[in-house]
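Chemist: Dropping in coords.cif, which is mmCIF, C-alpha atoms; chains and numbers go by the auth columns:
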```cif
data_coords
loop_
_atom_site.group_PDB
_atom_site.id
_atom_site.type_symbol
_atom_site.label_atom_id
_atom_site.label_comp_id
_atom_site.label_asym_id
_atom_site.label_seq_id
_atom_site.Cartn_x
_atom_site.Cartn_y
_atom_site.Cartn_z
_atom_site.B_iso_or_equiv
_atom_site.auth_seq_id
_atom_site.auth_asym_id
ATOM 1 C CA MET A 1 0.000 0.000 0.000 0.00 252 A
ATOM 2 C CA SER A 2 1.308 3.456 -0.843 0.00 253 A
ATOM 3 C CA THR A 3 0.325 6.901 0.314 0.00 254 A
ATOM 4 C CA THR A 4 1.058 10.478 -0.596 0.00 255 A
ATOM 5 C CA ILE A 5 3.445 12.093 1.862 0.00 256 A
ATOM 6 C CA VAL A 6 2.704 15.735 2.615 0.00 257 A
ATOM 7 C CA GLU A 7 5.487 17.733 4.216 0.00 258 A
ATOM 8 C CA PRO A 8 4.640 19.360 7.564 0.00 259 A
ATOM 9 C CA VAL A 9 3.929 23.072 7.220 0.00 260 A
ATOM 10 C CA ASN A 10 7.009 24.046 9.243 0.00 261 A
ATOM 11 C CA VAL A 11 9.444 22.398 6.807 0.00 262 A
ATOM 12 C CA GLN A 12 10.842 24.824 4.249 0.00 263 A
ATOM 13 C CA THR A 13 13.777 23.746 2.141 0.00 264 A
ATOM 14 C CA SER A 14 16.172 26.237 0.569 0.00 265 A
ATOM 15 C CA HIS A 15 18.946 25.287 -1.811 0.00 266 A
ATOM 16 C CA VAL A 16 22.526 26.481 -2.018 0.00 267 A
ATOM 17 C CA SER A 17 24.598 26.689 -5.180 0.00 268 A
ATOM 18 C CA ILE A 18 26.937 23.721 -5.654 0.00 269 A
ATOM 19 C CA ASN A 19 29.424 23.468 -8.510 0.00 270 A
ATOM 20 C CA ARG A 20 29.305 19.850 -9.655 0.00 271 A
ATOM 21 C CA ASN A 21 32.649 20.065 -11.439 0.00 272 A
ATOM 22 C CA GLU A 22 34.325 21.384 -8.304 0.00 273 A
ATOM 23 C CA VAL A 23 32.930 18.501 -6.259 0.00 274 A
ATOM 24 C CA ILE A 24 34.187 15.973 -8.825 0.00 275 A
ATOM 25 C CA ALA A 25 37.607 17.657 -8.873 0.00 276 A
ATOM 26 C CA ALA A 26 37.742 17.515 -5.070 0.00 277 A
ATOM 27 C CA LEU A 27 36.886 13.804 -5.075 0.00 278 A
ATOM 28 C CA ARG A 28 39.537 13.057 -7.680 0.00 279 A
ATOM 29 C CA GLN A 29 42.096 15.075 -5.732 0.00 280 A
ATOM 30 C CA ARG A 30 41.410 12.791 -2.760 0.00 281 A
ATOM 31 C CA ASN A 31 41.507 9.624 -4.914 0.00 282 A
ATOM 32 C CA ILE A 32 37.901 8.830 -4.007 0.00 283 A
ATOM 33 C CA PRO A 33 36.429 6.105 -6.300 0.00 284 A
ATOM 34 C CA PHE A 34 33.121 7.934 -6.760 0.00 285 A
ATOM 35 C CA GLU A 35 32.504 6.216 -10.105 0.00 286 A
ATOM 36 C CA ASP A 36 31.741 3.058 -8.096 0.00 287 A
ATOM 37 C CA TRP A 37 29.251 4.736 -5.782 0.00 288 A
ATOM 38 C CA GLY A 38 25.791 3.256 -6.163 0.00 289 A
ATOM 39 C CA LYS A 39 27.220 0.082 -7.677 0.00 290 A
ATOM 40 C CA VAL A 40 28.892 -1.469 -4.631 0.00 291 A
ATOM 41 C CA GLU A 41 27.466 -2.360 -1.225 0.00 292 A
ATOM 42 C CA ALA A 42 25.419 0.397 0.491 0.00 293 A
ATOM 43 C CA SER A 43 26.930 3.328 -1.389 0.00 294 A
ATOM 44 C CA LYS A 44 24.816 6.015 -3.058 0.00 295 A
ATOM 45 C CA PRO A 45 25.490 7.552 -6.482 0.00 296 A
ATOM 46 C CA LEU A 46 27.308 10.863 -6.852 0.00 297 A
ATOM 47 C CA ASP A 47 24.057 12.632 -7.771 0.00 298 A
ATOM 48 C CA LYS A 48 22.685 11.919 -4.278 0.00 299 A
ATOM 49 C CA LEU A 49 25.706 13.623 -2.711 0.00 300 A
ATOM 50 C CA ILE A 50 25.270 16.653 -4.990 0.00 301 A
ATOM 51 C CA GLU A 51 21.560 16.812 -4.145 0.00 302 A
ATOM 52 C CA SER A 52 22.240 16.601 -0.394 0.00 303 A
ATOM 53 C CA LEU A 53 24.893 19.312 -0.606 0.00 304 A
ATOM 54 C CA GLU A 54 22.459 21.572 -2.474 0.00 305 A
ATOM 55 C CA LYS A 55 19.747 21.025 0.133 0.00 306 A
ATOM 56 C CA GLY A 56 22.177 21.615 2.982 0.00 307 A
ATOM 57 C CA GLU A 57 21.512 18.102 4.288 0.00 308 A
ATOM 58 C CA ILE A 58 25.241 17.441 4.005 0.00 309 A
ATOM 59 C CA LYS A 59 27.896 20.067 4.600 0.00 310 A
ATOM 60 C CA TRP A 60 31.424 19.626 3.248 0.00 311 A
ATOM 61 C CA ASP A 61 34.183 22.147 2.647 0.00 312 A
ATOM 62 C CA TYR A 62 35.308 20.323 -0.502 0.00 313 A
ATOM 63 C CA ASN A 63 37.448 23.250 -1.654 0.00 314 A
ATOM 64 C CA ASN A 64 39.674 22.673 1.379 0.00 315 A
ATOM 65 C CA PRO A 65 42.112 19.915 0.314 0.00 316 A
ATOM 66 C CA LEU A 66 42.583 18.897 3.969 0.00 317 A
ATOM 67 C CA ASP A 67 38.868 18.301 4.555 0.00 318 A
ATOM 68 C CA SER A 68 37.505 14.828 3.799 0.00 319 A
ATOM 69 C CA THR A 69 34.760 14.844 6.414 0.00 320 A
ATOM 70 C CA LEU A 70 31.039 15.237 5.760 0.00 321 A
ATOM 71 C CA HIS A 71 28.845 16.901 8.394 0.00 322 A
ATOM 72 C CA ILE A 72 25.224 15.836 8.824 0.00 323 A
ATOM 73 C CA THR A 73 22.579 17.143 11.214 0.00 324 A
ATOM 74 C CA ALA A 74 19.898 14.482 11.558 0.00 325 A
ATOM 75 C CA ALA A 75 16.699 13.743 13.414 0.00 326 A
ATOM 76 C CA VAL A 76 17.044 10.267 14.949 0.00 327 A
ATOM 77 C CA ILE A 77 13.781 8.760 16.165 0.00 328 A
ATOM 78 C CA HIS A 78 13.416 5.853 18.600 0.00 329 A
ATOM 79 C CA ILE A 79 9.973 4.347 17.942 0.00 330 A
ATOM 80 C CA CYS A 80 8.575 2.438 20.915 0.00 331 A
ATOM 81 C CA HIS A 81 5.509 0.371 21.704 0.00 332 A
ATOM 82 C CA SER A 82 4.474 -1.557 24.820 0.00 333 A
ATOM 83 C CA VAL A 83 2.721 -4.942 24.753 0.00 334 A
ATOM 84 C CA ASP A 84 1.701 -6.472 28.123 0.00 335 A
ATOM 85 C CA ASP A 85 4.154 -4.168 29.932 0.00 336 A
ATOM 86 C CA ILE A 86 7.022 -5.306 27.701 0.00 337 A
ATOM 87 C CA GLU A 87 8.592 -2.509 25.702 0.00 338 A
ATOM 88 C CA TYR A 88 9.720 -2.894 22.103 0.00 339 A
ATOM 89 C CA GLU A 89 11.662 -0.602 19.783 0.00 340 A
ATOM 90 C CA LEU A 90 11.341 -0.564 16.007 0.00 341 A
ATOM 91 C CA ARG A 91 14.619 -1.263 14.208 0.00 342 A
ATOM 92 C CA GLU A 92 15.790 -1.785 10.655 0.00 343 A
ATOM 93 C CA ARG A 93 16.116 -5.514 10.036 0.00 344 A
ATOM 94 C CA HIS A 94 17.923 -5.096 6.753 0.00 345 A
ATOM 95 C CA ARG A 95 18.098 -3.094 3.541 0.00 346 A
ATOM 96 C CA ASP A 96 18.065 -4.661 0.070 0.00 347 A
ATOM 97 C CA PHE A 97 19.774 -2.428 -2.488 0.00 348 A
ATOM 98 C CA LYS A 98 18.974 -2.385 -6.195 0.00 349 A
ATOM 99 C CA ASN A 99 22.560 -3.480 -6.888 0.00 350 A
ATOM 100 C CA GLY A 100 21.895 -6.777 -5.078 0.00 351 A
ATOM 101 C CA TYR A 101 23.634 -5.910 -1.789 0.00 352 A
ATOM 102 C CA ARG A 102 21.916 -6.670 1.532 0.00 353 A
ATOM 103 C CA ASP A 103 22.899 -4.497 4.497 0.00 354 A
ATOM 104 C CA TYR A 104 22.231 -5.394 8.134 0.00 355 A
ATOM 105 C CA ARG A 105 22.497 -2.187 10.165 0.00 356 A
ATOM 106 C CA ARG A 106 23.094 -3.791 13.547 0.00 357 A
ATOM 107 C CA GLU A 107 25.264 -0.891 14.682 0.00 358 A
ATOM 108 C CA TRP A 108 22.555 1.749 14.140 0.00 359 A
ATOM 109 C CA ASP A 109 21.149 3.100 17.418 0.00 360 A
ATOM 110 C CA GLY A 110 17.632 4.224 16.579 0.00 361 A
ATOM 111 C CA SER A 111 14.593 3.321 14.505 0.00 362 A
ATOM 112 C CA ILE A 112 14.779 5.812 11.645 0.00 363 A
ATOM 113 C CA SER A 113 16.759 8.938 10.835 0.00 364 A
ATOM 114 C CA GLU A 114 16.357 11.847 8.446 0.00 365 A
ATOM 115 C CA LYS A 115 18.890 14.498 7.479 0.00 366 A
ATOM 116 C CA ILE A 116 17.913 18.085 8.347 0.00 367 A
ATOM 117 C CA GLY A 117 18.478 20.499 5.475 0.00 368 A
ATOM 118 C CA THR A 118 18.800 24.275 5.322 0.00 369 A
ATOM 119 C CA GLY A 119 15.635 26.005 6.562 0.00 370 A
ATOM 120 C CA GLU A 120 14.086 22.799 7.905 0.00 371 A
ATOM 121 C CA THR A 121 13.025 22.288 11.511 0.00 372 A
ATOM 122 C CA GLU A 122 14.149 19.245 13.477 0.00 373 A
ATOM 123 C CA ARG A 123 10.654 18.372 14.711 0.00 374 A
ATOM 124 C CA GLY A 124 9.151 18.903 11.254 0.00 375 A
ATOM 125 C CA ILE A 125 11.728 16.573 9.727 0.00 376 A
ATOM 126 C CA ALA A 126 11.096 13.960 12.446 0.00 377 A
ATOM 127 C CA MET A 127 7.372 14.013 11.622 0.00 378 A
ATOM 128 C CA TRP A 128 8.104 13.884 7.891 0.00 379 A
ATOM 129 C CA GLY A 129 10.467 10.929 8.399 0.00 380 A
ATOM 130 C CA LEU A 130 7.811 8.965 10.289 0.00 381 A
ATOM 131 C CA ALA A 131 5.281 9.613 7.524 0.00 382 A
ATOM 132 C CA LYS A 132 7.732 8.774 4.748 0.00 383 A
ATOM 133 C CA LYS A 133 9.424 5.679 6.171 0.00 384 A
ATOM 134 C CA LEU A 134 6.397 4.026 7.795 0.00 385 A
ATOM 135 C CA GLY A 135 3.551 5.568 5.810 0.00 386 A
ATOM 136 C CA GLN A 136 3.957 3.178 2.886 0.00 387 A
ATOM 137 C CA SER A 137 2.958 0.279 5.154 0.00 388 A
ATOM 138 C CA GLU A 138 0.573 2.188 7.411 0.00 389 A
ATOM 139 C CA PRO A 139 -0.863 5.417 5.919 0.00 390 A
ATOM 140 C CA GLU A 140 -2.170 6.533 9.322 0.00 391 A
ATOM 141 C CA PHE A 141 1.435 7.254 10.315 0.00 392 A
ATOM 142 C CA THR A 142 0.975 10.502 8.380 0.00 393 A
ATOM 143 C CA ASP A 143 -1.293 11.686 11.230 0.00 394 A
ATOM 144 C CA PRO A 144 0.697 12.877 14.299 0.00 395 A
ATOM 145 C CA ASN A 145 -2.407 12.348 16.474 0.00 396 A
ATOM 146 C CA ASN A 146 -1.659 8.622 16.293 0.00 397 A
ATOM 147 C CA TYR A 147 1.642 8.891 18.153 0.00 398 A
ATOM 148 C CA SER A 148 3.478 11.011 20.703 0.00 399 A
ATOM 149 C CA LEU A 149 6.778 12.626 19.751 0.00 400 A
ATOM 150 C CA LEU A 150 9.184 13.970 22.358 0.00 401 A
ATOM 151 C CA LYS A 151 12.646 15.412 21.840 0.00 402 A
ATOM 152 C CA LEU A 152 15.134 13.945 24.320 0.00 403 A
ATOM 153 C CA ARG A 153 18.497 15.605 23.647 0.00 404 A
ATOM 154 C CA ASN A 154 21.203 16.590 21.168 0.00 405 A
ATOM 155 C CA GLU A 155 24.047 14.140 20.646 0.00 406 A
ATOM 156 C CA LYS A 156 27.190 14.531 18.554 0.00 407 A
ATOM 157 C CA LYS A 157 28.897 11.402 17.232 0.00 408 A
ATOM 158 C CA GLU A 158 32.592 10.852 16.657 0.00 409 A
ATOM 159 C CA PRO A 159 33.801 10.767 13.022 0.00 410 A
ATOM 160 C CA ARG A 160 33.078 7.447 11.358 0.00 411 A
ATOM 161 C CA PRO A 161 33.370 5.980 7.858 0.00 412 A
ATOM 162 C CA THR A 162 30.276 6.550 5.771 0.00 413 A
ATOM 163 C CA LYS A 163 28.732 3.615 3.914 0.00 414 A
ATOM 164 C CA SER A 164 27.024 6.022 1.535 0.00 415 A
ATOM 165 C CA TYR A 165 30.143 7.723 0.144 0.00 416 A
ATOM 166 C CA PRO A 166 33.217 5.608 0.981 0.00 417 A
ATOM 167 C CA PRO A 167 35.936 6.169 2.008 0.00 418 A
ATOM 168 C CA LEU A 168 34.896 9.644 3.218 0.00 419 A
ATOM 169 C CA GLU A 169 34.114 10.092 6.911 0.00 420 A
ATOM 170 C CA VAL A 170 31.018 11.667 8.453 0.00 421 A
ATOM 171 C CA ILE A 171 30.248 13.455 11.716 0.00 422 A
ATOM 172 C CA TYR A 172 26.616 13.236 12.846 0.00 423 A
ATOM 173 C CA ASP A 173 25.032 15.952 14.967 0.00 424 A
ATOM 174 C CA CYS A 174 21.885 14.144 16.087 0.00 425 A
ATOM 175 C CA ARG A 175 18.584 15.424 17.426 0.00 426 A
ATOM 176 C CA ILE A 176 17.268 12.473 19.419 0.00 427 A
ATOM 177 C CA PHE A 177 13.487 11.912 19.558 0.00 428 A
ATOM 178 C CA ARG A 178 11.299 9.290 21.191 0.00 429 A
ATOM 179 C CA CYS A 179 8.082 8.313 19.399 0.00 430 A
ATOM 180 C CA CYS A 180 5.476 6.179 21.164 0.00 431 A
ATOM 181 C CA ILE A 181 2.486 4.641 19.426 0.00 432 A
ATOM 182 C CA VAL A 182 -0.715 5.799 21.125 0.00 433 A
ATOM 183 C CA GLN A 183 -3.208 4.438 18.582 0.00 434 A
ATOM 184 C CA GLU A 184 -3.055 0.651 18.202 0.00 435 A
ATOM 185 C CA LYS A 185 -4.303 0.893 14.617 0.00 436 A
ATOM 186 C CA ILE A 186 -0.878 2.041 13.374 0.00 437 A
ATOM 187 C CA PHE A 187 0.963 -0.923 14.937 0.00 438 A
ATOM 188 C CA ARG A 188 2.180 -3.516 12.439 0.00 439 A
ATOM 189 C CA ALA A 189 4.525 -6.455 12.969 0.00 440 A
ATOM 190 C CA GLU A 190 6.611 -5.237 10.015 0.00 441 A
ATOM 191 C CA TYR A 191 6.929 -2.024 8.028 0.00 442 A
ATOM 192 C CA VAL A 192 8.482 -1.819 4.563 0.00 443 A
ATOM 193 C CA PHE A 193 9.796 1.290 2.834 0.00 444 A
ATOM 194 C CA VAL A 194 10.721 1.320 -0.861 0.00 445 A
ATOM 195 C CA ASP A 195 12.737 4.114 -2.481 0.00 446 A
ATOM 196 C CA PRO A 196 14.589 4.290 -5.817 0.00 447 A
ATOM 197 C CA LEU A 197 17.813 2.876 -4.325 0.00 448 A
ATOM 198 C CA LYS A 198 16.661 0.218 -1.870 0.00 449 A
ATOM 199 C CA THR A 199 13.937 -1.522 0.132 0.00 450 A
ATOM 200 C CA THR A 200 14.114 -1.228 3.921 0.00 451 A
ATOM 201 C CA TYR A 201 12.477 -3.725 6.290 0.00 452 A
ATOM 202 C CA PHE A 202 11.608 -2.727 9.877 0.00 453 A
ATOM 203 C CA GLY A 203 10.715 -5.034 12.782 0.00 454 A
ATOM 204 C CA TRP A 204 10.374 -4.853 16.563 0.00 455 A
ATOM 205 C CA LEU A 205 13.195 -5.521 19.026 0.00 456 A
ATOM 206 C CA LYS A 206 12.411 -6.375 22.655 0.00 457 A
ATOM 207 C CA LEU A 207 14.170 -3.972 25.010 0.00 458 A
ATOM 208 C CA MET A 208 15.901 -5.840 27.829 0.00 459 A
ATOM 209 C CA ASN A 209 14.784 -4.714 31.297 0.00 460 A
ATOM 210 C CA ASN A 210 12.760 -1.923 29.654 0.00 461 A
ATOM 211 C CA CYS A 211 15.975 0.083 29.339 0.00 462 A
ATOM 212 C CA LYS A 212 15.649 3.819 28.779 0.00 463 A
ATOM 213 C CA ILE A 213 16.832 5.631 25.693 0.00 464 A
#
```
Mind turning the file's structure into structure tokens?
Modeler:
Amino acid sequence: MSTTIVEPVNVQTSHVSINRNEVIAALRQRNIPFEDWGKVEASKPLDKLIESLEKGEIKWDYNNPLDSTLHITAAVIHICHSVDDIEYELRERHRDFKNGYRDYRREWDGSISEKIGTGETERGIAMWGLAKKLGQSEPEFTDPNNYSLLKLRNEKKEPRPTKSYPPLEVIYDCRIFRCCIVQEKIFRAEYVFVDPLKTTYFGWLKLMNNCKI
């Protein structure tokens, strides 16, 4: 089942000017094999990097030859649901890419995440991410009255290799949210999200000792 995703009214995207040739020159200067992006493992094609730079979802001083680190501000949402006093969190089970690669994101701490671009609000993007990622399986996830959404904290991660654009590194500046299902009708044992690059499968993980996020 599919649904039309409408952006929340407080999300306004503005674009910055990015010179594609300069980005390519910067990648070549760093001996980055960008021609293979989108063809191997969980990498994304160069056009996705250009698009994210234009939207301000990714920031990179590519004209600085010493800078090989991407910076991403993201809304990270922990989606929780209680059944008979046992708490569960929604997690990605795996992602199947169009190039045939299957990725198990066991190291990812959170249910879903969305990059925050220039002019976008963190809460608006969190709501939009819930509607986009889960709305294909359950259209009622487009209605924020069906869940509660609470911001917990900001959290900055140490630099790490990025699977999307290897071998560049990325620093995440995360806005951590907790989402709890309050209407049983939007609960499903599995959610599936399909985009042009991959299919993502979500399932529930039992939280040991009802640990807090």
Chemist: List the residues selected by the PyMOL selection byres ((chain A and resi 301) around 12) in the file shown, writing them as number ranges by chain.
Modeler: A: 266-275, 278, 285, 295-300, 302-311, 313, 416
Chemist: For each of A:Ala276, A:Ala325, A:Leu381, A:Ile432, take the minimum atom-to-atom distance to Thr369 of chain A, counting only C-alpha atoms, then give the residue where this is smallest.
Modeler: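 That would be A:Ala325, the residue with the smallest distance to Thr369 of chain A.
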Chemist: Evaluate the PyMOL selection byres ((chain A and resi 458) around 6) on the structure here and hand back the selected residues as a list in words.
Modeler: Glu338, Tyr339, Lys457, Met459 and Asn461 of chain A
Chemist: Which is closest to Gly454 of chain A among A:Ala293, A:Ile422, A:Ala440, A:Ala326, if we use only C-alpha atoms?
Modeler: A:Ala440
Chemist: I would like the residues chosen by the PyMOL selection byres ((chain A and resi 419) around 12) on the shown file; could you give them as a list in words?
Modeler: Ala277, Leu278, Arg281, Asn282, Ile283, Pro284, Phe285, Trp288, Ser294, Leu300, Trp311, Tyr313, Asp318, Ser319, Thr320, Leu321, His322, Pro410, Arg411, Pro412, Thr413, Lys414, Ser415, Tyr416, Pro417, Pro418, Glu420, Val421 and Ile422 of chain A
Chemist: Please measure the separation of atom CA of Ile437 of chain A and atom CA of Tyr355 of chain A, giving the value in Å to one decimal.
Modeler: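 Computing it gives 24.8 Å between the two atoms.
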Chemist: Would you tabulate, counting all atoms listed in the file, all residues of segment 307-351 of chain A that have an atom at most 12 Å from an atom of segment 396-400 of chain A, showing the closest pair of atoms and their distance in Å to one decimal, sorted by chain then ascending number, as a tab-separated table?
Modeler:
```
residue	atom	partner	partner_atom	distance
A:Ala326	CA	A:Leu400	CA	11.8
A:Val327	CA	A:Leu400	CA	11.6
A:Ile328	CA	A:Leu400	CA	8.8
A:His329	CA	A:Leu400	CA	9.6
A:Ile330	CA	A:Leu400	CA	9.1
A:Cys331	CA	A:Tyr398	CA	9.9
A:His332	CA	A:Tyr398	CA	10.0
```
Chemist: Name the closest residue to Trp455 of chain A among the candidates A:Lys384, A:Arg344, A:Lys349, A:Lys366; distances are taken between atoms, counting all atoms listed in the file.
Modeler: A:Arg344
Chemist: Hey, which of A:Pro316, A:Asn350, A:Ser362, A:Glu286 ends up closest to Leu448 of chain A? Count only C-alpha atoms.
Modeler: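 Looking at the shortest contact to Leu448 of chain A, the residue is A:Asn350.
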